[in-house]
>>> print(open('upload_37.cif').read())   # mmCIF, C-alpha atoms
data_run
#
loop_
_atom_site.label_atom_id
_atom_site.label_comp_id
_atom_site.auth_asym_id
_atom_site.auth_seq_id
_atom_site.Cartn_x
_atom_site.Cartn_y
_atom_site.Cartn_z
CA MET A 15 -57.86 -148.93 75.36
CA THR A 16 -56.77 -146.86 78.35
CA PRO A 17 -58.09 -143.28 78.02
CA ALA A 18 -56.48 -140.43 79.89
CA THR A 19 -56.32 -136.66 79.87
CA VAL A 20 -53.06 -134.73 79.73
CA THR A 21 -53.38 -131.07 80.59
CA ALA A 22 -51.29 -128.64 78.56
CA PRO A 23 -49.69 -125.60 80.25
CA ASP A 24 -52.53 -123.38 79.02
CA GLY A 25 -55.09 -125.66 80.69
CA PHE A 26 -56.32 -127.34 77.51
CA GLY A 27 -57.18 -131.01 78.09
CA LEU A 28 -55.71 -133.44 75.58
CA SER A 29 -57.45 -136.80 75.24
CA VAL A 30 -54.83 -139.58 75.18
CA GLN A 31 -55.22 -143.28 74.35
CA VAL A 32 -52.74 -146.01 75.31
CA THR A 33 -52.97 -149.59 74.02
CA GLY A 34 -50.78 -152.57 73.23
CA ARG A 35 -47.98 -154.26 75.13
CA GLU A 36 -47.04 -152.73 78.45
CA ASP A 37 -43.49 -154.04 78.04
CA GLY A 38 -43.13 -152.99 74.40
CA PRO A 39 -41.31 -149.96 72.99
CA VAL A 40 -43.45 -146.83 73.03
CA LEU A 41 -44.74 -145.70 69.64
CA LEU A 42 -46.52 -142.38 69.22
CA LEU A 43 -48.85 -142.25 66.21
CA LEU A 44 -49.76 -138.83 64.79
CA PRO A 45 -52.81 -138.66 62.47
CA GLY A 46 -53.68 -136.39 59.57
CA GLN A 47 -55.38 -133.03 59.44
CA ALA A 48 -58.80 -132.71 61.06
CA ASN A 49 -58.63 -136.26 62.39
CA SER A 50 -58.56 -137.84 65.83
CA HIS A 51 -57.00 -141.12 67.00
CA ALA A 52 -59.72 -142.87 64.95
CA TRP A 53 -57.41 -142.34 61.95
CA TRP A 54 -55.44 -145.36 63.17
CA THR A 55 -58.39 -147.75 63.59
CA GLU A 56 -57.32 -150.13 60.82
CA THR A 57 -53.56 -150.01 61.33
CA ARG A 58 -53.25 -149.76 65.11
CA PRO A 59 -53.72 -153.50 65.91
CA ALA A 60 -50.55 -154.54 64.08
CA PHE A 61 -48.52 -152.04 66.09
CA GLU A 62 -50.16 -153.14 69.35
CA GLU A 63 -48.75 -156.65 68.95
CA ARG A 64 -45.23 -155.33 69.49
CA CYS A 65 -45.53 -151.83 70.93
CA ARG A 66 -47.09 -149.73 73.62
CA VAL A 67 -49.09 -147.54 71.28
CA VAL A 68 -49.88 -143.96 72.24
CA THR A 69 -52.19 -141.56 70.41
CA PHE A 70 -53.86 -138.30 71.33
CA ASP A 71 -56.63 -136.24 69.80
CA TYR A 72 -55.39 -132.97 68.36
CA ARG A 73 -57.06 -129.86 69.72
CA GLY A 74 -60.41 -129.51 68.00
CA THR A 75 -60.90 -133.25 67.42
CA GLY A 76 -62.21 -136.27 69.34
CA GLY A 77 -62.10 -135.72 73.08
CA SER A 78 -59.77 -132.69 72.94
CA ARG A 79 -62.17 -129.77 72.75
CA GLY A 80 -61.86 -126.20 73.90
CA PRO A 81 -61.18 -122.70 72.59
CA VAL A 82 -60.19 -122.50 68.93
CA GLU A 83 -56.98 -120.52 68.54
CA ARG A 84 -54.20 -120.00 65.99
CA TRP A 85 -52.82 -123.52 66.25
CA THR A 86 -49.65 -124.48 64.35
CA THR A 87 -47.60 -127.60 63.76
CA ALA A 88 -45.24 -126.20 66.41
CA SER A 89 -48.04 -125.90 68.98
CA PHE A 90 -49.27 -129.39 68.12
CA ALA A 91 -45.68 -130.64 68.46
CA ASP A 92 -45.54 -129.06 71.92
CA ASP A 93 -48.72 -130.96 72.77
CA ALA A 94 -47.14 -134.18 71.49
CA ALA A 95 -44.05 -133.59 73.63
CA ARG A 96 -46.29 -133.06 76.65
CA VAL A 97 -48.05 -136.37 75.95
CA ILE A 98 -44.73 -138.22 75.60
CA ALA A 99 -43.55 -136.82 78.92
CA ALA A 100 -46.80 -137.92 80.57
CA VAL A 101 -46.39 -141.46 79.29
CA GLY A 102 -43.13 -141.52 81.23
CA ASP A 103 -40.94 -143.65 78.96
CA GLU A 104 -38.85 -141.57 76.60
CA PRO A 105 -37.44 -141.12 74.06
CA VAL A 106 -40.08 -142.81 71.92
CA ALA A 107 -40.58 -143.84 68.32
CA VAL A 108 -42.81 -141.46 66.35
CA TYR A 109 -44.82 -142.25 63.22
CA GLY A 110 -46.60 -139.32 61.59
CA THR A 111 -48.76 -139.41 58.49
CA SER A 112 -49.96 -136.50 56.35
CA MET A 113 -50.33 -133.48 58.68
CA GLY A 114 -49.11 -135.77 61.45
CA GLY A 115 -45.86 -136.05 59.52
CA ARG A 116 -45.58 -132.27 59.55
CA VAL A 117 -46.14 -132.20 63.30
CA ALA A 118 -43.59 -135.01 63.70
CA GLN A 119 -40.95 -133.03 61.79
CA VAL A 120 -41.23 -130.14 64.25
CA LEU A 121 -41.41 -132.51 67.22
CA ALA A 122 -38.16 -134.24 66.24
CA ALA A 123 -36.40 -130.95 65.52
CA GLU A 124 -37.55 -128.92 68.52
CA HIS A 125 -37.89 -131.71 71.10
CA PRO A 126 -35.06 -134.08 70.11
CA GLU A 127 -34.84 -135.56 73.60
CA ARG A 128 -38.36 -136.99 73.13
CA VAL A 129 -37.82 -138.80 69.81
CA ARG A 130 -35.77 -141.97 69.37
CA CYS A 131 -36.62 -142.64 65.73
CA LEU A 132 -38.96 -141.13 63.19
CA ALA A 133 -41.20 -142.37 60.38
CA LEU A 134 -42.81 -139.78 58.09
CA ALA A 135 -45.45 -140.87 55.59
CA CYS A 136 -47.33 -139.03 52.82
CA THR A 137 -46.20 -135.67 54.13
CA SER A 138 -44.47 -132.46 53.08
CA PRO A 139 -41.82 -130.05 54.37
CA GLY A 140 -44.24 -127.21 53.68
CA GLY A 141 -43.28 -123.70 52.68
CA PRO A 142 -42.12 -122.45 49.28
CA HIS A 143 -39.94 -125.48 48.59
CA ALA A 144 -42.77 -128.03 48.85
CA HIS A 145 -44.57 -129.62 45.93
CA GLU A 146 -48.22 -128.66 46.28
CA ARG A 147 -51.32 -130.47 45.01
CA GLY A 148 -52.66 -129.36 41.64
CA THR A 149 -55.38 -126.77 41.17
CA ASP A 150 -57.76 -129.42 39.85
CA VAL A 151 -57.42 -131.38 43.08
CA ARG A 152 -57.98 -128.24 45.13
CA ARG A 153 -61.09 -127.45 43.12
CA GLU A 154 -62.54 -130.92 43.62
CA LEU A 155 -61.86 -130.85 47.36
CA ALA A 156 -63.71 -127.54 47.60
CA ASP A 157 -66.84 -128.80 45.83
CA PRO A 158 -69.93 -127.72 47.80
CA ASP A 159 -71.56 -131.13 47.30
CA PRO A 160 -70.55 -133.39 50.25
CA ALA A 161 -71.09 -136.56 48.21
CA LYS A 162 -68.75 -135.32 45.48
CA ARG A 163 -66.11 -134.32 48.03
CA ARG A 164 -66.28 -137.77 49.61
CA ALA A 165 -65.93 -139.41 46.20
CA THR A 166 -62.88 -137.23 45.57
CA LEU A 167 -61.36 -138.27 48.88
CA ARG A 168 -62.01 -141.92 48.03
CA ARG A 169 -60.09 -141.49 44.77
CA LEU A 170 -57.24 -139.52 46.36
CA PHE A 171 -56.70 -141.86 49.31
CA TYR A 172 -57.25 -145.31 47.82
CA THR A 173 -56.68 -147.18 44.59
CA ASP A 174 -59.58 -148.58 42.58
CA ALA A 175 -58.77 -152.00 44.08
CA TRP A 176 -59.64 -150.89 47.63
CA PRO A 177 -62.70 -153.05 48.35
CA HIS A 178 -64.66 -150.78 50.71
CA ARG A 179 -67.20 -147.96 50.52
CA PRO A 180 -66.08 -144.35 51.10
CA GLU A 181 -68.11 -144.21 54.30
CA ASP A 182 -66.08 -147.13 55.67
CA SER A 183 -62.86 -145.08 55.77
CA HIS A 184 -61.55 -143.58 59.01
CA LEU A 185 -59.31 -141.15 57.13
CA PHE A 186 -61.76 -138.57 55.83
CA GLY A 187 -61.98 -136.28 58.85
CA ASP A 188 -63.59 -136.12 62.27
CA PRO A 189 -67.32 -135.51 61.62
CA THR A 190 -67.79 -133.94 65.06
CA MET A 191 -65.58 -130.94 64.26
CA THR A 192 -67.10 -127.49 63.97
CA THR A 193 -66.46 -125.28 60.96
CA ASP A 194 -64.08 -123.14 63.03
CA GLU A 195 -62.13 -126.19 64.19
CA SER A 196 -61.83 -127.53 60.64
CA ARG A 197 -60.63 -124.16 59.35
CA ALA A 198 -58.09 -123.92 62.14
CA HIS A 199 -56.69 -127.32 61.16
CA LEU A 200 -56.51 -126.29 57.52
CA ARG A 201 -54.39 -123.32 58.57
CA VAL A 202 -52.12 -125.59 60.62
CA SER A 203 -51.18 -127.55 57.50
CA ALA A 204 -51.09 -124.57 55.16
CA ARG A 205 -48.69 -122.56 57.35
CA HIS A 206 -46.26 -125.38 58.02
CA ASP A 207 -42.68 -124.76 56.91
CA ALA A 208 -40.01 -127.02 58.41
CA TRP A 209 -37.42 -126.52 55.67
CA ASP A 210 -34.87 -124.89 57.98
CA LEU A 211 -35.60 -127.31 60.82
CA LEU A 212 -35.14 -130.59 58.95
CA PRO A 213 -31.29 -130.61 58.88
CA SER A 214 -31.27 -130.53 62.68
CA ILE A 215 -33.11 -133.85 62.99
CA ALA A 216 -30.53 -136.34 64.22
CA CYS A 217 -32.54 -139.51 64.93
CA PRO A 218 -32.90 -142.41 62.46
CA THR A 219 -35.59 -141.38 59.98
CA LEU A 220 -37.62 -143.26 57.39
CA VAL A 221 -39.59 -141.28 54.79
CA LEU A 222 -42.44 -143.17 53.09
CA HIS A 223 -44.78 -142.14 50.28
CA GLY A 224 -47.07 -143.54 47.63
CA THR A 225 -45.94 -142.85 44.08
CA ASP A 226 -49.49 -141.95 42.95
CA ASP A 227 -50.31 -139.55 45.79
CA LEU A 228 -52.01 -136.45 44.37
CA MET A 229 -53.11 -135.07 47.73
CA VAL A 230 -49.50 -134.57 48.86
CA PRO A 231 -47.32 -135.23 45.80
CA GLY A 232 -44.71 -137.93 46.21
CA ASP A 233 -41.83 -135.67 45.18
CA ASN A 234 -42.00 -134.25 48.69
CA ALA A 235 -40.49 -137.47 50.03
CA ALA A 236 -37.20 -136.81 48.27
CA LEU A 237 -37.13 -133.22 49.50
CA ILE A 238 -37.56 -134.31 53.12
CA ALA A 239 -35.04 -137.15 52.87
CA GLN A 240 -32.44 -134.85 51.33
CA ARG A 241 -32.81 -132.39 54.20
CA ILE A 242 -32.65 -134.88 57.10
CA PRO A 243 -29.14 -136.31 57.56
CA GLY A 244 -29.03 -140.05 56.96
CA ALA A 245 -32.75 -140.40 56.19
CA THR A 246 -33.88 -143.31 54.04
CA THR A 247 -36.81 -143.39 51.65
CA TYR A 248 -39.38 -145.97 50.67
CA LEU A 249 -41.82 -145.32 47.82
CA HIS A 250 -44.77 -147.68 47.46
CA GLU A 251 -45.52 -148.11 43.79
CA GLY A 252 -49.10 -147.12 42.96
CA GLY A 253 -49.93 -146.00 46.47
CA ARG A 254 -52.13 -142.97 47.01
CA HIS A 255 -52.53 -140.76 50.07
CA GLY A 256 -53.91 -143.58 52.23
CA PHE A 257 -51.25 -146.06 51.09
CA PHE A 258 -50.12 -146.62 54.69
CA GLU A 259 -53.54 -148.17 55.39
CA GLU A 260 -54.39 -149.82 52.07
CA PHE A 261 -50.95 -151.44 51.90
CA ALA A 262 -50.41 -151.71 55.63
CA GLY A 263 -49.02 -155.24 55.35
CA ASP A 264 -45.97 -153.77 53.66
CA VAL A 265 -45.79 -150.26 55.12
CA THR A 266 -46.38 -151.16 58.77
CA ALA A 267 -43.66 -153.81 58.60
CA ARG A 268 -41.17 -151.19 57.40
CA VAL A 269 -42.07 -148.88 60.27
CA LEU A 270 -41.70 -151.71 62.77
CA ASP A 271 -38.32 -152.56 61.30
CA LEU A 272 -37.20 -148.99 62.01
CA LEU A 273 -37.99 -149.54 65.70
CA GLU A 274 -35.44 -152.34 65.82
CA HIS A 275 -32.55 -150.01 65.04
#
>>> encode(input="upload_37.cif", output="structure tokens")
Amino acid sequence: MTPATVTAPDGFGLSVQVTGREDGPVLLLLPGQANSHAWWTETRPAFEERCRVVTFDYRGTGGSRGPVERWTTASFADDAARVIAAVGDEPVAVYGTSMGGRVAQVLAAEHPERVRCLALACTSPGGPHAHERGTDVRRELADPDPAKRRATLRRLFYTDAWPHRPEDSHLFGDPTMTTDESRAHLRVSARHDAWDLLPSIACPTLVLHGTDDLMVPGDNAALIAQRIPGATTYLHEGGRHGFFEEFAGDVTARVLDLLEH
């Protein structure tokens, strides 16, 4: 893995990782809320076989640390555009999952020259039109007992057939984050509203979701696909919020197919 630092206009240093085939198409992977590039640990190798894979740590995660401010999906999208420009081979394919899908929506709408094609998984358009998680899920995620919260995440991300322990997952948040950084990321997701931006996305777009996702309800996939001209949808039967990892053999292949068009 080739690490690098890309400096944003405000001087914030963004930690960037580049792997895979030097001669392959560039693929930018955007992780979920309060997560670094480690989110892609299990799924990255399959992309590396065919792509030049680029990730970066959001502000407040991994190697991207500095002042905590009022970050938004738009500001994170600006950071992503800066990273793409630094890689020097654009436009690129973009695959965003969960909050990364929210960032990817804004990136494709506000920086269309940077994005060749777009895959959005287990994500939401945000705002008043979105389907939100139920109050029972919210209550469980706010449990003061860390062990209970982790058990809840295990149930929300993976099916009962997933053969690993909760502590083996790379999807449950960056443990190095401070309370302020975590809260700032929560606000990034909560304040996202791309409803009016989505119709302006002109690149080929694939919207993916698990049918049993309670973290970000699967009905959001149809909302997004209806708003983006020409978007196609794939629903993985029985998949939960981490379906893109648990069922990567299927989901990753669909994302790679998108890169061929």
>>> atom_distance(input="upload_37.cif", atom1="CA of Val108 (chain A)", atom2="CA of Asp194 (chain A)")
28.3 Å
>>> resolve_selection(input="upload_37.cif", expression="the PyMOL selection byres ((chain A and resi 180-186) around 10)", output="PDB file with C-alpha atoms, in the frame of the given file")
ATOM      1  CA  PRO A  45     -52.810-138.660  62.470  1.00  0.00           C
ATOM      2  CA  GLY A  46     -53.680-136.390  59.570  1.00  0.00           C
ATOM      3  CA  GLN A  47     -55.380-133.030  59.440  1.00  0.00           C
ATOM      4  CA  ALA A  48     -58.800-132.710  61.060  1.00  0.00           C
ATOM      5  CA  ASN A  49     -58.630-136.260  62.390  1.00  0.00           C
ATOM      6  CA  SER A  50     -58.560-137.840  65.830  1.00  0.00           C
ATOM      7  CA  HIS A  51     -57.000-141.120  67.000  1.00  0.00           C
ATOM      8  CA  ALA A  52     -59.720-142.870  64.950  1.00  0.00           C
ATOM      9  CA  TRP A  53     -57.410-142.340  61.950  1.00  0.00           C
ATOM     10  CA  TRP A  54     -55.440-145.360  63.170  1.00  0.00           C
ATOM     11  CA  THR A  55     -58.390-147.750  63.590  1.00  0.00           C
ATOM     12  CA  GLU A  56     -57.320-150.130  60.820  1.00  0.00           C
ATOM     13  CA  ALA A 161     -71.090-136.560  48.210  1.00  0.00           C
ATOM     14  CA  ARG A 163     -66.110-134.320  48.030  1.00  0.00           C
ATOM     15  CA  ARG A 164     -66.280-137.770  49.610  1.00  0.00           C
ATOM     16  CA  ALA A 165     -65.930-139.410  46.200  1.00  0.00           C
ATOM     17  CA  THR A 166     -62.880-137.230  45.570  1.00  0.00           C
ATOM     18  CA  LEU A 167     -61.360-138.270  48.880  1.00  0.00           C
ATOM     19  CA  ARG A 168     -62.010-141.920  48.030  1.00  0.00           C
ATOM     20  CA  ARG A 169     -60.090-141.490  44.770  1.00  0.00           C
ATOM     21  CA  PHE A 171     -56.700-141.860  49.310  1.00  0.00           C
ATOM     22  CA  TYR A 172     -57.250-145.310  47.820  1.00  0.00           C
ATOM     23  CA  TRP A 176     -59.640-150.890  47.630  1.00  0.00           C
ATOM     24  CA  PRO A 177     -62.700-153.050  48.350  1.00  0.00           C
ATOM     25  CA  HIS A 178     -64.660-150.780  50.710  1.00  0.00           C
ATOM     26  CA  ARG A 179     -67.200-147.960  50.520  1.00  0.00           C
ATOM     27  CA  GLY A 187     -61.980-136.280  58.850  1.00  0.00           C
ATOM     28  CA  ASP A 188     -63.590-136.120  62.270  1.00  0.00           C
ATOM     29  CA  PRO A 189     -67.320-135.510  61.620  1.00  0.00           C
ATOM     30  CA  HIS A 255     -52.530-140.760  50.070  1.00  0.00           C
ATOM     31  CA  GLY A 256     -53.910-143.580  52.230  1.00  0.00           C
ATOM     32  CA  GLU A 259     -53.540-148.170  55.390  1.00  0.00           C
TER      33      GLU A 259
END
>>> resolve_selection(input="upload_37.cif", expression="the PyMOL selection byres ((chain A and resi 199) around 9)", output="PDB file with C-alpha atoms, in the frame of the given file")
ATOM      1  CA  GLN A  47     -55.380-133.030  59.440  1.00  0.00           C
ATOM      2  CA  ALA A  48     -58.800-132.710  61.060  1.00  0.00           C
ATOM      3  CA  ARG A  73     -57.060-129.860  69.720  1.00  0.00           C
ATOM      4  CA  GLY A  74     -60.410-129.510  68.000  1.00  0.00           C
ATOM      5  CA  TRP A  85     -52.820-123.520  66.250  1.00  0.00           C
ATOM      6  CA  THR A  86     -49.650-124.480  64.350  1.00  0.00           C
ATOM      7  CA  ASP A 194     -64.080-123.140  63.030  1.00  0.00           C
ATOM      8  CA  GLU A 195     -62.130-126.190  64.190  1.00  0.00           C
ATOM      9  CA  SER A 196     -61.830-127.530  60.640  1.00  0.00           C
ATOM     10  CA  ARG A 197     -60.630-124.160  59.350  1.00  0.00           C
ATOM     11  CA  ALA A 198     -58.090-123.920  62.140  1.00  0.00           C
ATOM     12  CA  LEU A 200     -56.510-126.290  57.520  1.00  0.00           C
ATOM     13  CA  ARG A 201     -54.390-123.320  58.570  1.00  0.00           C
ATOM     14  CA  VAL A 202     -52.120-125.590  60.620  1.00  0.00           C
ATOM     15  CA  SER A 203     -51.180-127.550  57.500  1.00  0.00           C
ATOM     16  CA  ALA A 204     -51.090-124.570  55.160  1.00  0.00           C
TER      17      ALA A 204
END
>>> residues_around(input="upload_37.cif", residues="Ala88 (chain A)", least_positions_apart="3", cutoff="10 Å", atoms="only C-alpha atoms", output="compact mmCIF listing (two decimals) with C-alpha atoms, in the frame of the given file")
# COMPACT_ATOMS: atom_id res chain seq x y z
CA TRP A 85 -52.82 -123.52 66.25
CA ALA A 91 -45.68 -130.64 68.46
CA ASP A 92 -45.54 -129.06 71.92
CA ASP A 93 -48.72 -130.96 72.77
CA ALA A 94 -47.14 -134.18 71.49
CA ARG A 116 -45.58 -132.27 59.55
CA VAL A 117 -46.14 -132.20 63.30
CA ALA A 118 -43.59 -135.01 63.70
CA GLN A 119 -40.95 -133.03 61.79
CA VAL A 120 -41.23 -130.14 64.25
CA LEU A 121 -41.41 -132.51 67.22
CA GLU A 124 -37.55 -128.92 68.52
CA VAL A 202 -52.12 -125.59 60.62
CA HIS A 206 -46.26 -125.38 58.02
CA ASP A 207 -42.68 -124.76 56.91
CA ALA A 208 -40.01 -127.02 58.41
>>> closest_residue(input="upload_37.cif", among="A:Gly27, A:Pro139, A:Gly77, A:Gly224", to="Thr173 (chain A)", atoms="all atoms listed in the file")
A:Gly224
>>> resolve_selection(input="upload_37.cif", expression="the PyMOL selection byres ((chain A and resi 62) around 10)", output="PDB file with C-alpha atoms, keeping the file's coordinate frame")
ATOM      1  CA  VAL A  32     -52.740-146.010  75.310  1.00  0.00           C
ATOM      2  CA  THR A  33     -52.970-149.590  74.020  1.00  0.00           C
ATOM      3  CA  GLY A  34     -50.780-152.570  73.230  1.00  0.00           C
ATOM      4  CA  ARG A  35     -47.980-154.260  75.130  1.00  0.00           C
ATOM      5  CA  GLU A  36     -47.040-152.730  78.450  1.00  0.00           C
ATOM      6  CA  GLY A  38     -43.130-152.990  74.400  1.00  0.00           C
ATOM      7  CA  VAL A  40     -43.450-146.830  73.030  1.00  0.00           C
ATOM      8  CA  LEU A  41     -44.740-145.700  69.640  1.00  0.00           C
ATOM      9  CA  THR A  57     -53.560-150.010  61.330  1.00  0.00           C
ATOM     10  CA  ARG A  58     -53.250-149.760  65.110  1.00  0.00           C
ATOM     11  CA  PRO A  59     -53.720-153.500  65.910  1.00  0.00           C
ATOM     12  CA  ALA A  60     -50.550-154.540  64.080  1.00  0.00           C
ATOM     13  CA  PHE A  61     -48.520-152.040  66.090  1.00  0.00           C
ATOM     14  CA  GLU A  63     -48.750-156.650  68.950  1.00  0.00           C
ATOM     15  CA  ARG A  64     -45.230-155.330  69.490  1.00  0.00           C
ATOM     16  CA  CYS A  65     -45.530-151.830  70.930  1.00  0.00           C
ATOM     17  CA  ARG A  66     -47.090-149.730  73.620  1.00  0.00           C
ATOM     18  CA  VAL A  67     -49.090-147.540  71.280  1.00  0.00           C
ATOM     19  CA  VAL A  68     -49.880-143.960  72.240  1.00  0.00           C
TER      20      VAL A  68
END
>>> residues_near_point(input="upload_37.cif", point="(-39.2, -140.2, 52.2)", cutoff="7 Å", atoms="all atoms listed in the file", output="list in words")
Leu134, Leu220, Val221, Leu222, His223, Ala235, Ala236, Ile238, Ala239, Thr246, Thr247 and Tyr248 of chain A
>>> axis_aligned_box(input="upload_37.cif", around="region 53-68 of chain A", padding_each_side="3 Å", output="AutoDock Vina command-line options")
--center_x -51.8 --center_y -149.5 --center_z 67.2 --size_x 19.2 --size_y 20.3 --size_z 18.8
>>> closest_residue(input="upload_37.cif", among="A:Val269, A:Pro158, A:Pro218, A:Arg96", to="Gly110 (chain A)", atoms="only C-alpha atoms")
A:Val269
>>> atom_distance(input="upload_37.cif", atom1="CA of Pro81 (chain A)", atom2="CA of Arg205 (chain A)")
19.7 Å
>>> decode(input="upload_37.cif", residues="region 88-127 of chain A", atoms="C-alpha atoms", output="compact mmCIF listing (two decimals), in the first residue's frame")
# COMPACT_ATOMS: atom_id res chain seq x y z
CA ALA A 88 -20.43 18.38 0.83
CA SER A 89 -17.14 19.16 2.60
CA PHE A 90 -16.18 15.48 2.54
CA ALA A 91 -17.08 15.41 -1.17
CA ASP A 92 -14.76 18.38 -1.71
CA ASP A 93 -12.02 16.38 0.03
CA ALA A 94 -12.75 13.41 -2.23
CA ALA A 95 -12.51 15.63 -5.32
CA ARG A 96 -9.16 16.93 -4.08
CA VAL A 97 -7.90 13.36 -3.66
CA ILE A 98 -9.06 12.40 -7.17
CA ALA A 99 -7.26 15.38 -8.63
CA ALA A 100 -4.09 14.44 -6.76
CA VAL A 101 -4.19 10.90 -8.14
CA GLY A 102 -3.99 12.51 -11.57
CA ASP A 103 -6.16 10.16 -13.63
CA GLU A 104 -9.72 11.36 -13.90
CA PRO A 105 -12.62 10.92 -14.17
CA VAL A 106 -12.70 7.87 -11.92
CA ALA A 107 -15.16 5.22 -10.81
CA VAL A 108 -16.60 5.84 -7.33
CA TYR A 109 -18.08 3.26 -4.97
CA GLY A 110 -19.61 4.61 -1.77
CA THR A 111 -21.22 2.61 1.01
CA SER A 112 -23.42 3.85 3.85
CA MET A 113 -22.29 7.41 4.67
CA GLY A 114 -19.77 7.00 1.86
CA GLY A 115 -22.72 6.64 -0.48
CA ARG A 116 -24.05 9.97 0.78
CA VAL A 117 -20.69 11.60 0.15
CA ALA A 118 -20.57 9.98 -3.28
CA GLN A 119 -23.97 11.43 -4.22
CA VAL A 120 -22.73 14.96 -3.56
CA LEU A 121 -19.39 14.25 -5.25
CA ALA A 122 -21.08 13.08 -8.46
CA ALA A 123 -23.53 16.00 -8.45
CA GLU A 124 -21.18 18.83 -7.55
CA HIS A 125 -17.96 17.53 -9.15
CA PRO A 126 -19.27 15.72 -12.24
CA GLU A 127 -15.96 16.09 -14.07
